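Here is the structure we will look at.
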Amino acid sequence: MTRKVTLRRKRMLWGIFFLGAFLTIIMGGISACRPSVQVSNYPHELNDIPTLEPIPLRAGEKLRVVATTSLVADAVAHVGGDRITLTRMLPIGADPHTYQPTPGDVRAVAEADVIFVNGVGLETWIYDLIRQAGGERPIVPVSAGIKIRKPIKEGRHTSGAIEKHGEGDPHVWFDVQNVIIWVRNIERTLSTLDPEGKMIYQRNAETYIGVLEALDAWIVEQVQTIPEERRKLVTSHEALGYFADRYGFEQIGTLFPVTTGAEPSAQELARLEDAIRSHGVPAIFTESTVNPKLAEQIAKDTGVMVVPLYTGSLGEPGSGAGNYVDFMRYNVSAIVAALR
Ligand SMILES: [Zn+2]
């Protein structure tokens with residue numbers, strides 16, 4: 001008798017177990033049909049431009065365009081001019097690695113005809129944002145087609161988790177030739193979405209590319225004034241890799257491993273101080289978007305100067321780095337003055 005009851009109870013328990021498993025599978029299937037899942041269709045690193053269709057615009061109506069960083073927005077503004085309505089997402093001085101989108105950003109993204117991002121894993125927060133905004137807006141990474149460099153270091157949080165920073169170095173704008181690729185990608189995208197404006201976008205792009213070519217040549221010329229053995233960079237985080245590669249600098253080290261969201265260990269800092277002394281590096285370059293405390297400490301230990309640069313964001317209007325060309329001129333002048 002007791003044996004029979006136990007058996008029946010056992011069967012009942014198995015029944016509940018199977019029913020539970022069945023419901024879990026069904027519910028999982030249902031939630032997988034929600035539109036938010038579409039976001040996972042975007043390539044993780046956002047390295048490709050999606051297929052785009054013209055937006056039907058009424059007479060006098062403008063394309064509604066969102067751009068993430070101030071640097072991307074500046075390039076979009078040069079190409080789009082008065083023909084588009086442009087919303088820049090990140091405020092001046094915000095660190096693009098650690099930015100927290102606002103409810104206003106969700107609204108702007110939900111209403112946008114297109115969203116321009118840097119891509120290459122810079123805007124790690126963009127996926128959540130697009131999911132919140134409905135998950136269907138076209139995202140165009142302006143860096144599509146750029147040859148991506150691998151970072152020297154692998155970032156590690158104090159928790160031990162490896163930085164999700166993608167496969168490549170996202171700071172492409174420190175090579176002016178890459179920003180010329182941005183301009184071409186933006187021009188092509190706006191011309192596809194608004195074919196009637198094609199002539200305007202093309203003319204704006206050509207004019208700006210001329211300015212950028214002149215900027216690139218000026219940088220090459222400036223760097224020649226630094227003795228070759230002094231073309232060495234120590235920076236807050238590995239933001240100047242493309243700059244070093246294009247204009248001929250050696251990167252000696254960084255304070256923060258890869259992104260500004262990761263913390264350096266005591267051992268890494270000691271190694272950096274040794275490198276600064278043995279290479280005779282005269283300056284540490286800090287960034288407007290990163291707390292300079294650590295740099296100041298190392299500079300005090302090693303007796304070198306701290307030179308602030310603009311890296312992840314333009315400066316305020318009137319700062320001398322309020323647009324991309326001025327931003328590069330400011331940074332190059334500061335680097336040349338410190339190393340020459
Ligand atoms: Zn960065």
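As shown in the structure tokens, the chain order sets the letters A, B, ...; within each chain, residues go from 1, and ligands are also counted from 1 in the order they appear.
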Identify, with DSSP run on backbone atoms, the residues in region 33-273 of chain A assigned to strand (DSSP E or B), and express the list as a ChimeraX atom specification.
-> /A:63-67,84-88,114-117,139-141,156,162,232-235,250-254
Can you spit out the residues from that selection as an mmCIF file, in the first residue's frame, using N, CA, C and O atoms?
data_model
loop_
_atom_site.group_PDB
_atom_site.id
_atom_site.type_symbol
_atom_site.label_atom_id
_atom_site.label_comp_id
_atom_site.auth_asym_id
_atom_site.auth_seq_id
_atom_site.Cartn_x
_atom_site.Cartn_y
_atom_site.Cartn_z
ATOM 1 N N LEU A 63 14.998 65.424 -43.655
ATOM 2 C CA LEU A 63 15.394 64.155 -43.028
ATOM 3 C C LEU A 63 15.668 64.407 -41.557
ATOM 4 O O LEU A 63 16.335 65.386 -41.205
ATOM 5 N N ARG A 64 15.197 63.497 -40.695
ATOM 6 C CA ARG A 64 15.509 63.606 -39.260
ATOM 7 C C ARG A 64 16.670 62.668 -38.955
ATOM 8 O O ARG A 64 16.560 61.449 -39.074
ATOM 9 N N VAL A 65 17.792 63.269 -38.597
ATOM 10 C CA VAL A 65 19.036 62.525 -38.454
ATOM 11 C C VAL A 65 19.545 62.638 -37.018
ATOM 12 O O VAL A 65 19.535 63.726 -36.442
ATOM 13 N N VAL A 66 19.957 61.494 -36.457
ATOM 14 C CA VAL A 66 20.588 61.488 -35.129
ATOM 15 C C VAL A 66 22.033 61.042 -35.300
ATOM 16 O O VAL A 66 22.321 60.145 -36.105
ATOM 17 N N ALA A 67 22.955 61.683 -34.580
ATOM 18 C CA ALA A 67 24.353 61.241 -34.565
ATOM 19 C C ALA A 67 24.769 61.072 -33.108
ATOM 20 O O ALA A 67 24.342 61.843 -32.250
ATOM 21 N N ILE A 84 19.130 68.895 -43.628
ATOM 22 C CA ILE A 84 18.690 67.881 -42.660
ATOM 23 C C ILE A 84 18.410 68.537 -41.302
ATOM 24 O O ILE A 84 18.884 69.633 -41.023
ATOM 25 N N THR A 85 17.632 67.806 -40.469
ATOM 26 C CA THR A 85 17.481 68.206 -39.068
ATOM 27 C C THR A 85 18.339 67.250 -38.255
ATOM 28 O O THR A 85 18.083 66.046 -38.241
ATOM 29 N N LEU A 86 19.382 67.782 -37.625
ATOM 30 C CA LEU A 86 20.364 66.933 -36.953
ATOM 31 C C LEU A 86 20.253 67.050 -35.435
ATOM 32 O O LEU A 86 20.229 68.156 -34.892
ATOM 33 N N THR A 87 20.170 65.900 -34.761
ATOM 34 C CA THR A 87 20.211 65.858 -33.294
ATOM 35 C C THR A 87 21.493 65.162 -32.869
ATOM 36 O O THR A 87 21.735 64.016 -33.268
ATOM 37 N N ARG A 88 22.329 65.858 -32.085
ATOM 38 C CA ARG A 88 23.537 65.225 -31.549
ATOM 39 C C ARG A 88 23.192 64.616 -30.199
ATOM 40 O O ARG A 88 22.609 65.264 -29.341
ATOM 41 N N VAL A 114 17.338 58.119 -39.676
ATOM 42 C CA VAL A 114 18.606 57.387 -39.688
ATOM 43 C C VAL A 114 19.426 57.799 -38.462
ATOM 44 O O VAL A 114 19.319 58.929 -37.988
ATOM 45 N N ILE A 115 20.219 56.851 -37.948
ATOM 46 C CA ILE A 115 21.091 57.121 -36.802
ATOM 47 C C ILE A 115 22.524 56.831 -37.226
ATOM 48 O O ILE A 115 22.843 55.696 -37.605
ATOM 49 N N PHE A 116 23.371 57.850 -37.188
ATOM 50 C CA PHE A 116 24.788 57.657 -37.497
ATOM 51 C C PHE A 116 25.544 57.375 -36.204
ATOM 52 O O PHE A 116 25.444 58.153 -35.239
ATOM 53 N N VAL A 117 26.286 56.275 -36.192
ATOM 54 C CA VAL A 117 27.133 55.936 -35.045
ATOM 55 C C VAL A 117 28.575 55.813 -35.533
ATOM 56 O O VAL A 117 28.812 55.609 -36.730
ATOM 57 N N ILE A 139 20.560 52.024 -38.589
ATOM 58 C CA ILE A 139 21.796 52.523 -37.970
ATOM 59 C C ILE A 139 22.902 52.447 -39.007
ATOM 60 O O ILE A 139 23.121 51.398 -39.608
ATOM 61 N N VAL A 140 23.602 53.542 -39.197
ATOM 62 C CA VAL A 140 24.709 53.573 -40.150
ATOM 63 C C VAL A 140 26.017 53.855 -39.410
ATOM 64 O O VAL A 140 26.194 54.934 -38.848
ATOM 65 N N PRO A 141 26.932 52.874 -39.374
ATOM 66 C CA PRO A 141 28.243 53.125 -38.777
ATOM 67 C C PRO A 141 29.105 53.890 -39.775
ATOM 68 O O PRO A 141 29.410 53.367 -40.847
ATOM 69 N N ARG A 156 40.671 45.025 -18.710
ATOM 70 C CA ARG A 156 40.134 44.138 -17.709
ATOM 71 C C ARG A 156 39.556 44.986 -16.572
ATOM 72 O O ARG A 156 40.238 45.866 -16.075
ATOM 73 N N ILE A 162 36.530 40.810 -18.704
ATOM 74 C CA ILE A 162 37.244 41.432 -19.822
ATOM 75 C C ILE A 162 36.336 42.454 -20.491
ATOM 76 O O ILE A 162 35.153 42.217 -20.686
ATOM 77 N N LYS A 232 57.059 59.966 -29.249
ATOM 78 C CA LYS A 232 56.596 58.899 -28.352
ATOM 79 C C LYS A 232 55.402 59.390 -27.548
ATOM 80 O O LYS A 232 55.412 60.510 -27.059
ATOM 81 N N LEU A 233 54.406 58.525 -27.422
ATOM 82 C CA LEU A 233 53.166 58.941 -26.765
ATOM 83 C C LEU A 233 52.830 58.099 -25.544
ATOM 84 O O LEU A 233 52.870 56.866 -25.603
ATOM 85 N N VAL A 234 52.496 58.771 -24.441
ATOM 86 C CA VAL A 234 51.855 58.126 -23.288
ATOM 87 C C VAL A 234 50.521 58.839 -23.111
ATOM 88 O O VAL A 234 50.484 60.067 -22.997
ATOM 89 N N THR A 235 49.433 58.086 -23.122
ATOM 90 C CA THR A 235 48.092 58.687 -23.068
ATOM 91 C C THR A 235 47.256 58.057 -21.958
ATOM 92 O O THR A 235 47.620 57.014 -21.417
ATOM 93 N N GLU A 250 55.404 56.369 -31.721
ATOM 94 C CA GLU A 250 55.429 55.099 -31.006
ATOM 95 C C GLU A 250 54.573 55.276 -29.749
ATOM 96 O O GLU A 250 54.705 56.284 -29.054
ATOM 97 N N GLN A 251 53.698 54.308 -29.472
ATOM 98 C CA GLN A 251 52.906 54.375 -28.244
ATOM 99 C C GLN A 251 53.649 53.637 -27.135
ATOM 100 O O GLN A 251 53.788 52.420 -27.187
ATOM 101 N N ILE A 252 54.084 54.388 -26.129
ATOM 102 C CA ILE A 252 54.864 53.793 -25.047
ATOM 103 C C ILE A 252 53.963 53.104 -24.029
ATOM 104 O O ILE A 252 54.310 52.067 -23.477
ATOM 105 N N GLY A 253 52.812 53.692 -23.761
ATOM 106 C CA GLY A 253 51.902 53.071 -22.791
ATOM 107 C C GLY A 253 50.680 53.920 -22.540
ATOM 108 O O GLY A 253 50.563 55.051 -23.011
ATOM 109 N N THR A 254 49.730 53.342 -21.795
ATOM 110 C CA THR A 254 48.507 54.044 -21.431
ATOM 111 C C THR A 254 48.239 53.854 -19.941
ATOM 112 O O THR A 254 48.666 52.873 -19.351
#
Near-Arg230 (chain A) list (9 Å; only C-alpha atoms; drop same-chain fewer than 6 positions) as number ranges by chain | A: 249, 279-282, 339-340
Writing out the chosen residues with N, CA and C atoms as a short mmCIF file (atom, residue, chain, number, x, y, z; two decimals), in the first residue's frame:
data_model
loop_
_atom_site.label_atom_id
_atom_site.label_comp_id
_atom_site.auth_asym_id
_atom_site.auth_seq_id
_atom_site.Cartn_x
_atom_site.Cartn_y
_atom_site.Cartn_z
N PHE A 249 54.23 57.88 -34.80
CA PHE A 249 54.60 57.93 -33.38
C PHE A 249 54.65 56.51 -32.83
N HIS A 279 62.27 55.53 -21.52
CA HIS A 279 62.17 56.14 -22.85
C HIS A 279 62.41 57.64 -22.82
N GLY A 280 62.53 58.20 -21.62
CA GLY A 280 62.71 59.66 -21.52
C GLY A 280 61.54 60.43 -22.09
N VAL A 281 60.32 59.91 -21.88
CA VAL A 281 59.12 60.58 -22.40
C VAL A 281 58.88 61.86 -21.59
N PRO A 282 58.73 63.03 -22.26
CA PRO A 282 58.60 64.27 -21.49
C PRO A 282 57.18 64.59 -21.03
N LEU A 339 56.57 67.75 -27.19
CA LEU A 339 57.62 66.79 -27.56
C LEU A 339 58.82 67.44 -28.26
N ARG A 340 58.63 68.59 -28.87
CA ARG A 340 59.70 69.24 -29.61
C ARG A 340 60.74 69.78 -28.64
#
Nearest to ligand 1: which of A:Ile181, A:Val120, A:Val109, A:Ala77 is it, counting only C-alpha atoms and all ligand atoms?
->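 Using only C-alpha atoms and all ligand atoms, ligand 1 sits closest to A:Val120.
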Taking only C-alpha atoms and all ligand atoms into account, report as a count of residues only which residues have an atom no farther than 12 Å from an atom of ligand 1.
-> 48
Residue set, region 21-238 of chain A restricted to helix (DSSP H, G or I), as a PyMOL selection string = chain A and resi 21-31+35-41+70-83+103-111+126-132+172-174+176-193+195-223+228-230
Can you tell me which residues surround His78 (chain A) at a distance of at most 10 Å, considering only C-alpha atoms, apart from same-chain residues fewer than 3 positions away, and format the answer as a PDB file with all heavy atoms, in the first residue's frame?
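Result file is part01.pdb:
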ATOM      1  N   ALA A  73      28.717  63.812 -35.278  1.00  0.00           N
ATOM      2  CA  ALA A  73      27.722  64.851 -35.588  1.00  0.00           C
ATOM      3  C   ALA A  73      28.349  65.980 -36.420  1.00  0.00           C
ATOM      4  O   ALA A  73      27.717  66.510 -37.331  1.00  0.00           O
ATOM      5  CB  ALA A  73      27.121  65.414 -34.303  1.00  0.00           C
ATOM      6  N   ASP A  74      29.592  66.326 -36.121  1.00  0.00           N
ATOM      7  CA  ASP A  74      30.279  67.391 -36.860  1.00  0.00           C
ATOM      8  C   ASP A  74      30.435  67.008 -38.338  1.00  0.00           C
ATOM      9  O   ASP A  74      30.190  67.820 -39.228  1.00  0.00           O
ATOM     10  CB  ASP A  74      31.649  67.646 -36.214  1.00  0.00           C
ATOM     11  CG  ASP A  74      32.367  68.836 -36.831  1.00  0.00           C
ATOM     12  OD1 ASP A  74      31.793  69.939 -36.816  1.00  0.00           O
ATOM     13  OD2 ASP A  74      33.487  68.656 -37.338  1.00  0.00           O
ATOM     14  N   ALA A  75      30.816  65.762 -38.591  1.00  0.00           N
ATOM     15  CA  ALA A  75      30.958  65.305 -39.981  1.00  0.00           C
ATOM     16  C   ALA A  75      29.600  65.283 -40.683  1.00  0.00           C
ATOM     17  O   ALA A  75      29.482  65.699 -41.842  1.00  0.00           O
ATOM     18  CB  ALA A  75      31.610  63.916 -40.007  1.00  0.00           C
ATOM     19  N   GLY A  81      24.318  69.819 -43.949  1.00  0.00           N
ATOM     20  CA  GLY A  81      24.043  71.262 -43.946  1.00  0.00           C
ATOM     21  C   GLY A  81      22.624  71.570 -43.499  1.00  0.00           C
ATOM     22  O   GLY A  81      22.092  70.930 -42.584  1.00  0.00           O
ATOM     23  N   ASP A  82      21.996  72.546 -44.182  1.00  0.00           N
ATOM     24  CA  ASP A  82      20.637  72.979 -43.834  1.00  0.00           C
ATOM     25  C   ASP A  82      19.564  72.003 -44.312  1.00  0.00           C
ATOM     26  O   ASP A  82      18.394  72.168 -43.987  1.00  0.00           O
ATOM     27  CB  ASP A  82      20.331  74.332 -44.518  1.00  0.00           C
ATOM     28  CG  ASP A  82      21.168  75.448 -43.943  1.00  0.00           C
ATOM     29  OD1 ASP A  82      21.687  75.255 -42.817  1.00  0.00           O
ATOM     30  OD2 ASP A  82      21.320  76.494 -44.608  1.00  0.00           O
ATOM     31  N   VAL A 183      32.999  60.847 -44.256  1.00  0.00           N
ATOM     32  CA  VAL A 183      32.278  61.832 -45.071  1.00  0.00           C
ATOM     33  C   VAL A 183      31.660  61.151 -46.295  1.00  0.00           C
ATOM     34  O   VAL A 183      30.509  61.406 -46.647  1.00  0.00           O
ATOM     35  CB  VAL A 183      33.211  63.001 -45.470  1.00  0.00           C
ATOM     36  CG1 VAL A 183      32.561  63.903 -46.504  1.00  0.00           C
ATOM     37  CG2 VAL A 183      33.602  63.801 -44.228  1.00  0.00           C
ATOM     38  N   ILE A 186      28.675  59.068 -45.165  1.00  0.00           N
ATOM     39  CA  ILE A 186      27.541  59.938 -44.809  1.00  0.00           C
ATOM     40  C   ILE A 186      26.882  60.473 -46.084  1.00  0.00           C
ATOM     41  O   ILE A 186      25.660  60.468 -46.224  1.00  0.00           O
ATOM     42  CB  ILE A 186      28.016  61.098 -43.899  1.00  0.00           C
ATOM     43  CG1 ILE A 186      28.492  60.557 -42.543  1.00  0.00           C
ATOM     44  CG2 ILE A 186      26.901  62.130 -43.707  1.00  0.00           C
ATOM     45  CD1 ILE A 186      29.351  61.522 -41.741  1.00  0.00           C
ATOM     46  N   GLU A 187      27.715  60.906 -47.041  1.00  0.00           N
ATOM     47  CA  GLU A 187      27.198  61.448 -48.305  1.00  0.00           C
ATOM     48  C   GLU A 187      26.361  60.387 -49.033  1.00  0.00           C
ATOM     49  O   GLU A 187      25.252  60.662 -49.492  1.00  0.00           O
ATOM     50  CB  GLU A 187      28.384  61.906 -49.169  1.00  0.00           C
ATOM     51  CG  GLU A 187      27.994  62.584 -50.463  1.00  0.00           C
ATOM     52  CD  GLU A 187      28.000  61.625 -51.636  1.00  0.00           C
ATOM     53  OE1 GLU A 187      29.018  60.975 -51.889  1.00  0.00           O
ATOM     54  OE2 GLU A 187      26.940  61.521 -52.299  1.00  0.00           O
ATOM     55  N   TYR A 201      24.402  67.203 -51.190  1.00  0.00           N
ATOM     56  CA  TYR A 201      25.245  66.388 -50.305  1.00  0.00           C
ATOM     57  C   TYR A 201      26.623  66.150 -50.932  1.00  0.00           C
ATOM     58  O   TYR A 201      27.644  66.212 -50.254  1.00  0.00           O
ATOM     59  CB  TYR A 201      24.571  65.040 -49.998  1.00  0.00           C
ATOM     60  CG  TYR A 201      23.235  65.155 -49.308  1.00  0.00           C
ATOM     61  CD1 TYR A 201      22.121  64.423 -49.751  1.00  0.00           C
ATOM     62  CD2 TYR A 201      23.071  65.990 -48.199  1.00  0.00           C
ATOM     63  CE1 TYR A 201      20.890  64.531 -49.118  1.00  0.00           C
ATOM     64  CE2 TYR A 201      21.830  66.107 -47.566  1.00  0.00           C
ATOM     65  CZ  TYR A 201      20.748  65.368 -48.034  1.00  0.00           C
ATOM     66  OH  TYR A 201      19.528  65.480 -47.411  1.00  0.00           O
ATOM     67  N   ASN A 204      28.669  69.431 -50.773  1.00  0.00           N
ATOM     68  CA  ASN A 204      29.127  69.661 -49.394  1.00  0.00           C
ATOM     69  C   ASN A 204      30.273  68.714 -49.036  1.00  0.00           C
ATOM     70  O   ASN A 204      31.255  69.117 -48.409  1.00  0.00           O
ATOM     71  CB  ASN A 204      27.981  69.429 -48.401  1.00  0.00           C
ATOM     72  CG  ASN A 204      26.923  70.512 -48.474  1.00  0.00           C
ATOM     73  OD1 ASN A 204      27.123  71.543 -49.119  1.00  0.00           O
ATOM     74  ND2 ASN A 204      25.796  70.269 -47.820  1.00  0.00           N
ATOM     75  N   ALA A 205      30.142  67.443 -49.428  1.00  0.00           N
ATOM     76  CA  ALA A 205      31.156  66.439 -49.090  1.00  0.00           C
ATOM     77  C   ALA A 205      32.484  66.773 -49.761  1.00  0.00           C
ATOM     78  O   ALA A 205      33.540  66.755 -49.120  1.00  0.00           O
ATOM     79  CB  ALA A 205      30.684  65.041 -49.503  1.00  0.00           C
ATOM     80  N   THR A 207      33.607  69.667 -50.807  1.00  0.00           N
ATOM     81  CA  THR A 207      34.192  70.864 -50.182  1.00  0.00           C
ATOM     82  C   THR A 207      34.897  70.476 -48.877  1.00  0.00           C
ATOM     83  O   THR A 207      36.043  70.870 -48.629  1.00  0.00           O
ATOM     84  CB  THR A 207      33.085  71.905 -49.876  1.00  0.00           C
ATOM     85  OG1 THR A 207      32.383  72.160 -51.079  1.00  0.00           O
ATOM     86  CG2 THR A 207      33.668  73.189 -49.318  1.00  0.00           C
ATOM     87  N   TYR A 208      34.225  69.690 -48.057  1.00  0.00           N
ATOM     88  CA  TYR A 208      34.794  69.343 -46.748  1.00  0.00           C
ATOM     89  C   TYR A 208      35.997  68.413 -46.888  1.00  0.00           C
ATOM     90  O   TYR A 208      36.977  68.543 -46.151  1.00  0.00           O
ATOM     91  CB  TYR A 208      33.696  68.722 -45.863  1.00  0.00           C
ATOM     92  CG  TYR A 208      34.135  68.536 -44.424  1.00  0.00           C
ATOM     93  CD1 TYR A 208      34.877  69.515 -43.752  1.00  0.00           C
ATOM     94  CD2 TYR A 208      33.795  67.381 -43.719  1.00  0.00           C
ATOM     95  CE1 TYR A 208      35.277  69.359 -42.435  1.00  0.00           C
ATOM     96  CE2 TYR A 208      34.196  67.204 -42.400  1.00  0.00           C
ATOM     97  CZ  TYR A 208      34.936  68.199 -41.765  1.00  0.00           C
ATOM     98  OH  TYR A 208      35.332  68.027 -40.461  1.00  0.00           O
ATOM     99  N   ILE A 209      35.949  67.503 -47.867  1.00  0.00           N
ATOM    100  CA  ILE A 209      37.091  66.604 -48.083  1.00  0.00           C
ATOM    101  C   ILE A 209      38.336  67.417 -48.456  1.00  0.00           C
ATOM    102  O   ILE A 209      39.441  67.112 -48.017  1.00  0.00           O
ATOM    103  CB  ILE A 209      36.745  65.520 -49.136  1.00  0.00           C
ATOM    104  CG1 ILE A 209      35.787  64.490 -48.513  1.00  0.00           C
ATOM    105  CG2 ILE A 209      38.018  64.813 -49.653  1.00  0.00           C
ATOM    106  CD1 ILE A 209      35.187  63.486 -49.480  1.00  0.00           C
TER     107      ILE A 209
END
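The smallest atom-to-atom distance between Arg137 (chain A) and any of A:Gly60, A:Pro50, A:Pro101, A:Pro195, using only C-alpha atoms, is found for A:Pro50.
The interatomic distance for the pair CA of Ser319 (chain A) and CA of Thr302 (chain A) works out to 29.5 Å.
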Rounded to one decimal in Å, what is the spacing between CA of Lys147 (chain A) and CA of Val325 (chain A)?
->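 Spanning CA of Lys147 (chain A) to CA of Val325 (chain A) is a straight-line distance of 21.7 Å.
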Looking at only C-alpha atoms, which of A:Ala59, A:Leu269, A:Ile226, A:Ala334 is the one that sits closest to Gly320 (chain A)?
->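 Checking each of A:Ala59, A:Leu269, A:Ile226, A:Ala334 against Gly320 (chain A), counting only C-alpha atoms, the winner is A:Ala334.
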Shell around Ser333 (chain A) at 12 Å using only C-alpha atoms, local window under 6 positions removed, as a list in words |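 Neighbouring residues, sequence-local ones excluded: Trp218, Ile219, Val220, Glu221, Gln222, Val223, Thr225, Ile226, Val307, Pro308, Leu309, Tyr310, Gly320, Ala321, Asp326, Phe327, Leu339 and Arg340 of chain A.
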